[in-house]
file target_0.cif (mmCIF, C-alpha atoms and all ligand atoms)
data_input
#
loop_
_atom_site.label_atom_id
_atom_site.label_comp_id
_atom_site.auth_asym_id
_atom_site.auth_seq_id
_atom_site.Cartn_x
_atom_site.Cartn_y
_atom_site.Cartn_z
CA MET J 1 -0.83 -20.15 -18.41
CA LYS J 2 0.67 -16.75 -19.17
CA GLU J 3 4.40 -16.48 -19.83
CA THR J 4 5.96 -14.06 -17.34
CA ILE J 5 9.36 -12.53 -18.05
CA THR J 6 11.35 -11.63 -14.93
CA LEU J 7 14.02 -8.96 -14.68
CA HIS J 8 16.08 -8.10 -11.62
CA LEU J 9 17.56 -4.61 -11.43
CA ASP J 10 19.65 -2.72 -8.92
CA PRO J 11 17.85 0.63 -8.41
CA ASN J 12 21.18 2.43 -8.02
CA HIS J 13 23.00 0.84 -10.96
CA PHE J 14 20.76 0.04 -13.87
CA ASP J 15 20.99 1.06 -17.49
CA SER J 16 17.82 2.54 -18.98
CA ASN J 17 18.25 0.15 -21.95
CA GLU J 18 17.35 -2.63 -19.55
CA LEU J 19 13.88 -1.08 -19.20
CA LYS J 20 13.22 -0.83 -22.94
CA GLN J 21 11.23 -4.04 -23.18
CA ALA J 22 9.16 -3.22 -20.10
CA ALA J 23 8.34 0.23 -21.53
CA GLN J 24 7.45 -1.37 -24.86
CA PHE J 25 5.14 -3.79 -23.01
CA ILE J 26 3.34 -0.85 -21.36
CA ARG J 27 2.82 0.76 -24.78
CA GLU J 28 1.48 -2.58 -26.08
CA ASN J 29 -1.11 -2.59 -23.27
CA LYS J 30 0.57 -5.46 -21.44
CA THR J 31 1.02 -5.71 -17.65
CA VAL J 32 4.32 -4.94 -15.88
CA ILE J 33 5.07 -5.21 -12.15
CA PHE J 34 7.63 -2.68 -10.96
CA PRO J 35 9.17 -1.56 -7.67
CA THR J 36 8.23 1.73 -6.01
CA GLU J 37 9.25 3.26 -2.67
CA THR J 38 5.85 2.38 -1.13
CA VAL J 39 5.06 -1.18 -2.31
CA TYR J 40 5.44 -3.03 -5.63
CA GLY J 41 2.92 -1.88 -8.27
CA LEU J 42 1.07 -3.83 -10.97
CA GLY J 43 1.14 -1.44 -13.89
CA ALA J 44 -0.49 -0.94 -17.26
CA ASN J 45 -1.13 1.94 -19.67
CA ALA J 46 -3.52 4.24 -17.77
CA LEU J 47 -4.94 5.63 -21.02
CA SER J 48 -6.19 2.29 -22.31
CA ASP J 49 -9.32 0.51 -21.12
CA GLU J 50 -7.98 -2.74 -22.52
CA ALA J 51 -4.73 -2.46 -20.54
CA VAL J 52 -6.47 -1.42 -17.34
CA SER J 53 -8.89 -4.34 -17.48
CA LYS J 54 -5.88 -6.67 -17.37
CA ILE J 55 -4.86 -5.20 -14.00
CA PHE J 56 -8.25 -5.98 -12.47
CA GLU J 57 -8.12 -9.48 -13.91
CA ALA J 58 -4.58 -10.24 -12.67
CA LYS J 59 -5.40 -9.07 -9.13
CA GLY J 60 -8.97 -10.31 -8.92
CA ARG J 61 -9.79 -6.73 -7.91
CA PRO J 62 -13.39 -5.45 -7.65
CA GLN J 63 -14.15 -3.10 -10.57
CA ASP J 64 -15.48 -0.34 -8.31
CA ASN J 65 -12.09 0.19 -6.64
CA PRO J 66 -10.26 2.93 -8.58
CA LEU J 67 -6.56 2.81 -9.44
CA ILE J 68 -3.79 5.28 -8.75
CA VAL J 69 -2.15 6.71 -11.87
CA HIS J 70 1.63 7.13 -11.74
CA VAL J 71 3.30 9.96 -13.65
CA SER J 72 6.90 10.96 -14.27
CA SER J 73 6.36 14.66 -15.01
CA ILE J 74 4.05 17.57 -14.24
CA GLU J 75 3.07 17.74 -17.94
CA MET J 76 1.83 14.17 -17.69
CA LEU J 77 -0.18 15.10 -14.60
CA GLU J 78 -1.68 18.13 -16.34
CA SER J 79 -2.88 16.01 -19.24
CA LEU J 80 -4.94 13.92 -16.82
CA ILE J 81 -6.76 16.66 -14.91
CA LEU J 82 -9.76 18.81 -15.79
CA ASN J 83 -8.77 22.13 -14.18
CA PRO J 84 -5.45 23.91 -13.75
CA LEU J 85 -3.74 22.78 -10.53
CA ASP J 86 -5.01 24.63 -7.44
CA ASP J 87 -2.52 26.38 -5.14
CA LYS J 88 -2.64 23.82 -2.35
CA SER J 89 -1.98 20.93 -4.74
CA LYS J 90 0.90 22.87 -6.26
CA LYS J 91 2.45 23.43 -2.83
CA LEU J 92 2.09 19.78 -1.89
CA ILE J 93 3.62 18.67 -5.17
CA ASN J 94 6.56 21.02 -4.63
CA ALA J 95 7.08 19.67 -1.13
CA TYR J 96 6.48 15.94 -1.53
CA TRP J 97 6.74 14.82 -5.16
CA PRO J 98 8.22 12.53 -6.17
CA GLY J 99 6.89 10.73 -3.10
CA ALA J 100 4.24 8.72 -1.29
CA LEU J 101 1.42 11.26 -1.70
CA THR J 102 -1.49 10.58 -4.05
CA LEU J 103 -3.65 13.58 -4.93
CA VAL J 104 -7.28 13.02 -5.93
CA LEU J 105 -8.28 15.60 -8.55
CA LYS J 106 -11.09 16.09 -11.09
CA HIS J 107 -10.02 14.19 -14.21
CA SER J 108 -9.95 15.12 -17.89
CA ASP J 109 -11.66 13.02 -20.55
CA LYS J 110 -8.35 11.30 -21.31
CA VAL J 111 -8.79 9.08 -18.26
CA PRO J 112 -10.82 5.95 -18.97
CA ASN J 113 -13.73 5.18 -16.64
CA SER J 114 -12.18 1.86 -15.66
CA VAL J 115 -9.25 3.68 -13.99
CA CYS J 116 -11.43 5.85 -11.78
CA ALA J 117 -14.37 3.47 -11.32
CA ASN J 118 -16.73 5.99 -12.93
CA LEU J 119 -15.92 8.71 -10.38
CA ASP J 120 -15.25 12.24 -11.67
CA THR J 121 -11.87 12.21 -9.92
CA VAL J 122 -8.59 10.37 -10.38
CA GLY J 123 -5.80 9.60 -7.90
CA ILE J 124 -2.34 10.60 -9.19
CA ARG J 125 1.17 10.41 -7.79
CA MET J 126 4.81 10.57 -8.88
CA PRO J 127 6.74 7.65 -7.34
CA ASP J 128 10.09 8.30 -5.70
CA HIS J 129 11.91 5.35 -7.21
CA PRO J 130 14.44 5.52 -10.07
CA ILE J 131 13.15 2.36 -11.80
CA ALA J 132 9.49 3.40 -11.60
CA LEU J 133 10.22 6.93 -12.84
CA LYS J 134 12.38 5.73 -15.74
CA LEU J 135 9.80 3.13 -16.77
CA ILE J 136 7.02 5.74 -16.96
CA GLU J 137 9.26 8.17 -18.81
CA LEU J 138 10.32 5.56 -21.39
CA ALA J 139 6.75 4.29 -21.84
CA GLY J 140 5.68 7.90 -22.49
CA VAL J 141 2.25 7.27 -20.96
CA PRO J 142 1.00 7.42 -17.37
CA ILE J 143 0.88 4.03 -15.66
CA ALA J 144 -2.12 2.91 -13.59
CA ALA J 145 -0.83 0.71 -10.81
CA PRO J 146 -2.42 -0.71 -7.68
CA SER J 147 -0.35 -2.79 -5.30
CA ALA J 148 0.90 -5.97 -7.00
CA ASN J 149 -0.78 -8.46 -4.66
CA LEU J 150 -3.81 -10.67 -5.14
CA SER J 151 -6.83 -8.62 -4.07
CA GLY J 152 -7.32 -8.76 -0.28
CA LYS J 153 -3.80 -10.04 0.47
CA PRO J 154 -1.03 -8.00 2.10
CA SER J 155 0.72 -5.64 -0.31
CA PRO J 156 4.09 -6.88 -1.60
CA THR J 157 7.21 -5.23 -0.25
CA GLU J 158 9.82 -7.77 -1.38
CA ALA J 159 10.70 -9.41 -4.71
CA GLU J 160 9.75 -12.78 -3.27
CA HIS J 161 6.17 -11.58 -2.58
CA VAL J 162 5.46 -10.53 -6.16
CA LEU J 163 7.06 -13.63 -7.59
CA SER J 164 4.92 -15.88 -5.42
CA ASP J 165 1.64 -13.95 -5.97
CA MET J 166 1.91 -12.94 -9.60
CA MET J 167 3.97 -15.39 -11.71
CA HIS J 168 1.93 -16.36 -14.80
CA ARG J 169 -0.63 -13.61 -14.11
CA VAL J 170 1.28 -10.69 -15.69
CA ASP J 171 3.60 -10.21 -18.70
CA LEU J 172 6.71 -8.93 -16.93
CA ILE J 173 7.96 -8.62 -13.35
CA ILE J 174 10.78 -6.23 -12.46
CA THR J 175 12.22 -6.98 -9.04
CA ALA J 176 14.62 -4.87 -7.00
CA SER J 177 15.31 -4.37 -3.29
CA LYS J 178 12.79 -4.25 -0.44
CA SER J 179 10.35 -1.31 -0.65
CA ARG J 180 11.78 1.54 1.41
CA ILE J 181 8.51 2.72 3.00
CA GLY J 182 6.64 -0.57 2.88
CA LEU J 183 3.13 0.94 3.21
CA GLU J 184 1.06 2.45 0.41
CA SER J 185 0.88 6.15 -0.42
CA THR J 186 -1.20 8.69 1.47
CA VAL J 187 -4.40 9.44 -0.49
CA LEU J 188 -5.58 13.05 -0.18
CA ASP J 189 -8.76 14.26 -1.87
CA MET J 190 -8.12 17.76 -3.25
CA SER J 191 -11.56 17.99 -4.88
CA THR J 192 -13.31 18.84 -1.59
CA GLU J 193 -13.34 22.37 -0.16
CA ILE J 194 -11.08 21.31 2.68
CA PRO J 195 -8.69 18.58 1.47
CA THR J 196 -9.69 15.20 2.95
CA LEU J 197 -7.39 12.39 3.97
CA LEU J 198 -8.84 9.19 2.50
CA ARG J 199 -5.96 6.89 3.36
CA PRO J 200 -2.98 7.53 5.66
CA GLY J 201 0.36 6.52 4.17
CA GLY J 202 3.99 7.39 3.60
CA VAL J 203 3.50 11.17 3.89
CA THR J 204 2.07 12.02 7.32
CA VAL J 205 -0.82 14.32 8.30
CA SER J 206 1.54 16.71 10.07
CA GLN J 207 3.77 16.87 6.98
CA ILE J 208 0.72 17.77 4.87
CA GLU J 209 -0.68 20.26 7.38
CA SER J 210 2.67 22.00 7.72
CA ILE J 211 2.34 22.95 4.04
CA ILE J 212 -1.40 23.62 3.50
CA GLY J 213 -2.94 23.97 6.98
CA PRO J 214 -5.69 21.82 8.51
CA ILE J 215 -7.20 18.94 6.55
CA LYS J 216 -10.20 16.70 7.22
CA ILE J 217 -9.74 13.06 8.18
CA ASP J 218 -12.23 10.67 6.60
CA ASP J 219 -14.11 8.36 9.02
CA ALA J 220 -13.22 5.25 7.03
CA ILE J 221 -9.66 5.49 8.32
CA HIS J 222 -10.68 4.44 11.82
CA LYS J 223 -13.68 2.19 11.22
CA THR J 224 -15.73 0.36 8.64
CA VAL J 225 -18.18 2.70 6.91
CA GLU J 226 -20.88 1.61 4.51
CA LYS J 227 -20.21 4.00 1.66
CA PRO J 228 -16.66 5.30 1.96
CA LYS J 229 -15.51 8.14 -0.31
CA SER J 230 -12.52 6.12 -1.30
CA PRO J 231 -14.11 2.92 -2.56
CA GLY J 232 -11.03 0.88 -1.66
CA MET J 233 -11.65 1.62 2.02
CA LYS J 234 -14.65 -0.70 2.20
CA TYR J 235 -12.77 -3.88 1.37
CA THR J 236 -11.06 -6.08 3.93
CA HIS J 237 -7.48 -5.50 2.93
CA TYR J 238 -4.12 -6.81 3.83
CA ALA J 239 -5.69 -9.81 5.51
CA PRO J 240 -3.56 -12.78 6.50
CA ASN J 241 -5.26 -16.19 6.30
CA ALA J 242 -5.74 -16.50 10.07
CA PRO J 243 -7.98 -14.18 12.15
CA LEU J 244 -6.10 -11.34 13.79
CA THR J 245 -6.98 -9.42 16.97
CA ILE J 246 -5.29 -6.25 18.18
CA TYR J 247 -4.71 -5.64 21.90
CA LYS J 248 -4.51 -2.06 23.04
CA GLY J 249 -3.54 -0.82 26.48
CA THR J 250 -0.56 -0.31 28.75
CA ARG J 251 2.51 -2.39 27.89
CA GLU J 252 1.95 -4.66 30.88
CA ASN J 253 -1.77 -5.21 30.22
CA MET J 254 -1.17 -5.86 26.53
CA ILE J 255 1.51 -8.46 27.14
CA HIS J 256 -0.49 -10.13 29.89
CA ALA J 257 -3.71 -10.31 27.83
CA ILE J 258 -1.96 -11.63 24.72
CA GLN J 259 -0.01 -14.30 26.62
CA LYS J 260 -3.25 -15.42 28.27
CA GLU J 261 -4.86 -15.82 24.83
CA VAL J 262 -1.79 -17.69 23.58
CA ASN J 263 -1.97 -20.12 26.49
CA GLN J 264 -5.67 -20.76 25.94
CA SER J 265 -5.21 -21.18 22.18
CA ASN J 266 -2.36 -23.64 22.75
CA LEU J 267 -4.65 -25.69 25.01
CA ASN J 268 -7.14 -25.74 22.14
CA GLY J 269 -4.44 -27.04 19.80
CA LEU J 270 -4.18 -23.82 17.76
CA ARG J 271 -0.93 -22.50 16.29
CA CYS J 272 -0.46 -18.88 17.41
CA ALA J 273 1.53 -15.91 16.20
CA VAL J 274 2.18 -12.69 18.10
CA ILE J 275 3.07 -9.49 16.25
CA THR J 276 5.18 -7.42 18.61
CA CYS J 277 8.24 -5.14 18.81
CA ASP J 278 11.89 -5.70 19.79
CA GLU J 279 11.26 -4.28 23.25
CA ASN J 280 8.52 -6.83 24.07
CA TYR J 281 9.66 -9.82 22.02
CA ASP J 282 11.14 -11.76 24.95
CA GLN J 283 7.97 -11.46 27.00
CA TYR J 284 6.06 -14.03 24.97
CA LEU J 285 6.39 -17.80 25.34
CA ASP J 286 5.12 -20.84 23.45
CA THR J 287 4.17 -18.96 20.29
CA LEU J 288 5.62 -17.83 16.99
CA ARG J 289 6.86 -14.28 17.66
CA ILE J 290 7.30 -11.68 14.93
CA SER J 291 8.90 -8.36 15.78
CA LEU J 292 8.28 -5.37 13.50
CA GLY J 293 11.41 -3.71 14.94
CA SER J 294 12.06 -1.21 17.69
CA ILE J 295 9.23 1.10 18.82
CA LYS J 296 11.88 3.80 18.78
CA LYS J 297 11.94 3.47 14.98
CA PRO J 298 8.34 3.86 13.74
CA ASP J 299 9.44 3.85 10.07
CA GLU J 300 10.96 0.42 10.58
CA LEU J 301 7.78 -0.90 12.25
CA ALA J 302 5.74 0.36 9.30
CA SER J 303 8.06 -1.11 6.68
CA ASN J 304 7.88 -4.60 8.21
CA LEU J 305 4.11 -4.93 8.72
CA PHE J 306 3.14 -6.55 5.41
CA GLU J 307 6.09 -8.93 5.58
CA SER J 308 4.98 -10.01 9.06
CA LEU J 309 1.45 -10.78 7.84
CA ARG J 310 2.87 -12.91 5.04
CA GLU J 311 5.10 -14.66 7.56
CA CYS J 312 1.98 -15.68 9.50
CA ASP J 313 0.58 -17.25 6.31
CA LYS J 314 3.85 -19.01 5.57
CA ASN J 315 3.85 -20.57 9.01
CA ASN J 316 0.23 -21.68 8.65
CA VAL J 317 -0.80 -20.22 11.97
CA ASP J 318 -4.44 -20.50 13.10
CA ILE J 319 -4.71 -17.33 15.13
CA ILE J 320 -2.79 -14.04 15.37
CA PHE J 321 -2.51 -11.52 18.22
CA ALA J 322 -0.97 -8.11 17.63
CA GLU J 323 0.09 -5.33 19.93
CA ALA J 324 -1.33 -1.88 19.16
CA PHE J 325 1.31 0.68 18.19
CA ASP J 326 1.46 4.43 18.64
CA GLU J 327 -0.76 6.20 16.08
CA SER J 328 1.17 9.41 15.58
CA ASP J 329 2.86 10.26 12.26
CA ILE J 330 3.62 7.11 10.22
CA GLY J 331 1.96 5.17 13.07
CA LEU J 332 -1.45 6.31 11.75
CA ALA J 333 -0.82 4.45 8.48
CA LEU J 334 0.68 1.44 10.25
CA MET J 335 -2.30 1.11 12.60
CA ASN J 336 -4.78 1.74 9.76
CA ARG J 337 -3.36 -1.26 7.87
CA LEU J 338 -3.17 -3.40 11.00
CA LYS J 339 -6.78 -2.55 11.91
CA LYS J 340 -7.93 -3.44 8.42
CA ALA J 341 -6.02 -6.72 8.57
CA ALA J 342 -7.87 -7.36 11.85
CA GLY J 343 -11.25 -6.40 10.38
CA PHE J 344 -11.20 -3.67 13.08
CA LYS J 345 -11.21 -6.26 15.89
CA ILE J 346 -9.50 -4.38 18.73
CA ILE J 347 -9.63 -5.31 22.40
CA THR J 348 -8.81 -2.62 24.94
CA VAL J 349 -7.11 -4.07 28.00
P1 LIG X 401 -4.12 0.56 -4.19
O1 LIG X 401 -3.53 1.18 -5.40
O2 LIG X 401 -4.50 -0.87 -4.33
O3 LIG X 401 -3.23 0.76 -3.02
O4 LIG X 401 -5.47 1.34 -3.89
C1 LIG X 401 -5.68 2.68 -4.26
C2 LIG X 401 -6.47 3.42 -3.20
O5 LIG X 401 -6.72 4.76 -3.65
C3 LIG X 401 -7.82 2.77 -2.94
O6 LIG X 401 -8.12 2.86 -1.58
C4 LIG X 401 -8.73 3.64 -3.78
O7 LIG X 401 -10.06 3.59 -3.35
C5 LIG X 401 -8.10 5.02 -3.65
N1 LIG X 401 -8.42 5.88 -4.80
C6 LIG X 401 -7.88 5.82 -6.03
N2 LIG X 401 -8.48 6.72 -6.84
C7 LIG X 401 -9.40 7.36 -6.12
C8 LIG X 401 -10.37 8.38 -6.39
N3 LIG X 401 -10.49 8.90 -7.60
N4 LIG X 401 -11.15 8.78 -5.39
C9 LIG X 401 -11.04 8.25 -4.16
N5 LIG X 401 -10.17 7.27 -3.84
C10 LIG X 401 -9.36 6.82 -4.80
MG MG X 402 -3.71 -2.41 -2.62
#
call {"tool": "encode", "arguments": {"input": "target_0.cif", "output": "structure tokens", "more": "lines below"}}
Ligand code: AMP
Ligand code: MG
result
Amino acid sequence: MKETITLHLDPNHFDSNELKQAAQFIRENKTVIFPTETVYGLGANALSDEAVSKIFEAKGRPQDNPLIVHVSSIEMLESLILNPLDDKSKKLINAYWPGALTLVLKHSDKVPNSVCANLDTVGIRMPDHPIALKLIELAGVPIAAPSANLSGKPSPTEAEHVLSDMMHRVDLIITASKSRIGLESTVLDMSTEIPTLLRPGGVTVSQIESIIGPIKIDDAIHKTVEKPKSPGMKYTHYAPNAPLTIYKGTRENMIHAIQKEVNQSNLNGLRCAVITCDENYDQYLDTLRISLGSIKKPDELASNLFESLRECDKNNVDIIFAEAFDESDIGLALMNRLKKAAGFKIITV
């Protein structure tokens, strides 16, 4: 079993000396979990094949799913890309970096094939988190980091999640507070003529379009496609142990249909969970109820999704029913993750 060192830091009051060992570990091609504003990341030196292979091993991640590379400066970004930054990428970087926006760009020969799964592009972002930024800066190399969960499980948004998934699988775990956004970054492919949204996330489509005009939305966001452009899109992600079905319709129809399913499942001796919101919480009976928060606060709904899926696992439920939420702005990312957790099983009522 691997020895895992743990380190708890307060993002607002930490001394950079406390990150020295973690930075040293990155330079030694070891694995370090660190907090970001999206979800916790499982990081290693992005310039080393040996280091990157340890990420895939720790997560049990398929090799054809490329990693996002995290940088702490524009110089670091420029060392990873083939061509000078195009105007649209520059504008987006000015507007949203550091932040939850990953840009997919043609990569230079410094990027090992394992990072980009043999594609000619690489996904890069600058995280908006003081611990993540300082760690990259001290390490002096870009850090490849997917979400720090076991492959296929919900992404970790709390210290407790990484500790339970990843103890003895990595060399060091840095924990801090709950991830502010709680969903992964937006992935935008800048290598196509019209930039293409490959994954909705913390930065919304309207935020992007307000800076660079219309973008394309990849099909894989709404449904399962056989050969998605972002290889990660083909895997069932974020899945809780129990099967999950989404109910979409008017408030009344949704509540009625879900309660009917709960009653039937109870008769069959199944333990149910309902994923709902504060406004509808009281409407459900005889089931575990998990509220993501108020529908008036979409950011809060989004930040609690992964936690709610883990809660279903913790309670050993047999079957999960979820309400569909509004898909505008951050709701697009929230519903994308919920749909993937449901294997796109949606019932319109
Ligand atoms: P994760 O870091 O686990 O949240 O996953 C990273 C996501 O970014 C996956 O969906 C990847 O398929 C996607 N991604 C990373 N690099 C690229 C790339 N070069 N081209 C397309 N998609 C990418
Ligand atoms: Mg992930």
call {"tool": "residues_near_ligand", "arguments": {"input": "target_0.cif", "ligand": "ligand LIG 401 (chain X)", "cutoff": "7 Å", "atoms": "all atoms listed in the file", "output": "MDAnalysis selection string"}}
result
chainID J and resid 65:68 104 116 119 121:123 145:147 184 187 189 198:199 229:233
call {"tool": "residues_around", "arguments": {"input": "target_0.cif", "residues": "Met335 in chain J", "least_positions_apart": "2", "cutoff": "12 Å", "atoms": "only C-alpha atoms", "output": "ChimeraX atom specification"}}
result
/J:183,199-201,221-223,238,246-248,298,301-302,305-306,322-333,337-344,346
call {"tool": "closest_residue", "arguments": {"input": "target_0.cif", "among": "J:Leu47, J:Ile290, J:Ala148, J:Leu101", "to": "ligand MG 402 (chain X)", "atoms": "all atoms listed in the file"}}
result
J:Ala148
call {"tool": "closest_residue", "arguments": {"input": "target_0.cif", "among": "J:Gln259, J:Asn29, J:Asn45, J:Thr175", "to": "Gln283 in chain J", "atoms": "all atoms listed in the file"}}
result
J:Gln259
call {"tool": "residues_around", "arguments": {"input": "target_0.cif", "residues": "Ile181 in chain J", "least_positions_apart": "3", "cutoff": "6 Å", "atoms": "all atoms listed in the file", "output": "list in words"}}
result
Glu37, Thr38 and Ser303 of chain J
call {"tool": "closest_residue", "arguments": {"input": "target_0.cif", "among": "J:Gln21, J:Ala95, J:Ala139, J:Leu82", "to": "Ala44 in chain J", "atoms": "all atoms listed in the file"}}
result
J:Ala139
call {"tool": "closest_residue", "arguments": {"input": "target_0.cif", "among": "J:Ser177, J:Thr6, J:Thr157, J:Ser164", "to": "ligand MG 402 (chain X)", "atoms": "only C-alpha atoms and all ligand atoms"}}
result
J:Thr157
call {"tool": "atom_distance", "arguments": {"input": "target_0.cif", "atom1": "CA of Ser191 in chain J", "atom2": "CA of Pro98 in chain J"}}
result
20.6 Å
call {"tool": "residues_near_point", "arguments": {"input": "target_0.cif", "point": "(13.2, -4.2, -10.4)", "cutoff": "12 Å", "atoms": "only C-alpha atoms", "output": "ChimeraX atom specification"}}
result
/J:5-16,18-19,22,32-37,39-41,129-135,157-160,162-163,172-179
call {"tool": "atom_distance", "arguments": {"input": "target_0.cif", "atom1": "CA of Gln264 in chain J", "atom2": "CA of Asp318 in chain J"}}
result
12.9 Å
call {"tool": "atom_distance", "arguments": {"input": "target_0.cif", "atom1": "CA of Leu288 in chain J", "atom2": "CA of Ile319 in chain J"}}
result
10.5 Å
call {"tool": "closest_residue", "arguments": {"input": "target_0.cif", "among": "J:His256, J:Arg27, J:Arg169, J:Arg310", "to": "Phe56 in chain J", "atoms": "only C-alpha atoms"}}
result
J:Arg169
call {"tool": "closest_residue", "arguments": {"input": "target_0.cif", "among": "J:Leu92, J:Gly152, J:Ile208, J:Asp128", "to": "ligand MG 402 (chain X)", "atoms": "only C-alpha atoms and all ligand atoms"}}
result
J:Gly152
call {"tool": "axis_aligned_box", "arguments": {"input": "target_0.cif", "around": "range 48-63 of chain J", "padding_each_side": "8 Å", "output": "AutoDock Vina command-line options"}}
result
--center_x -9.4 --center_y -4.0 --center_z -15.1 --size_x 25.6 --size_y 28.6 --size_z 30.9
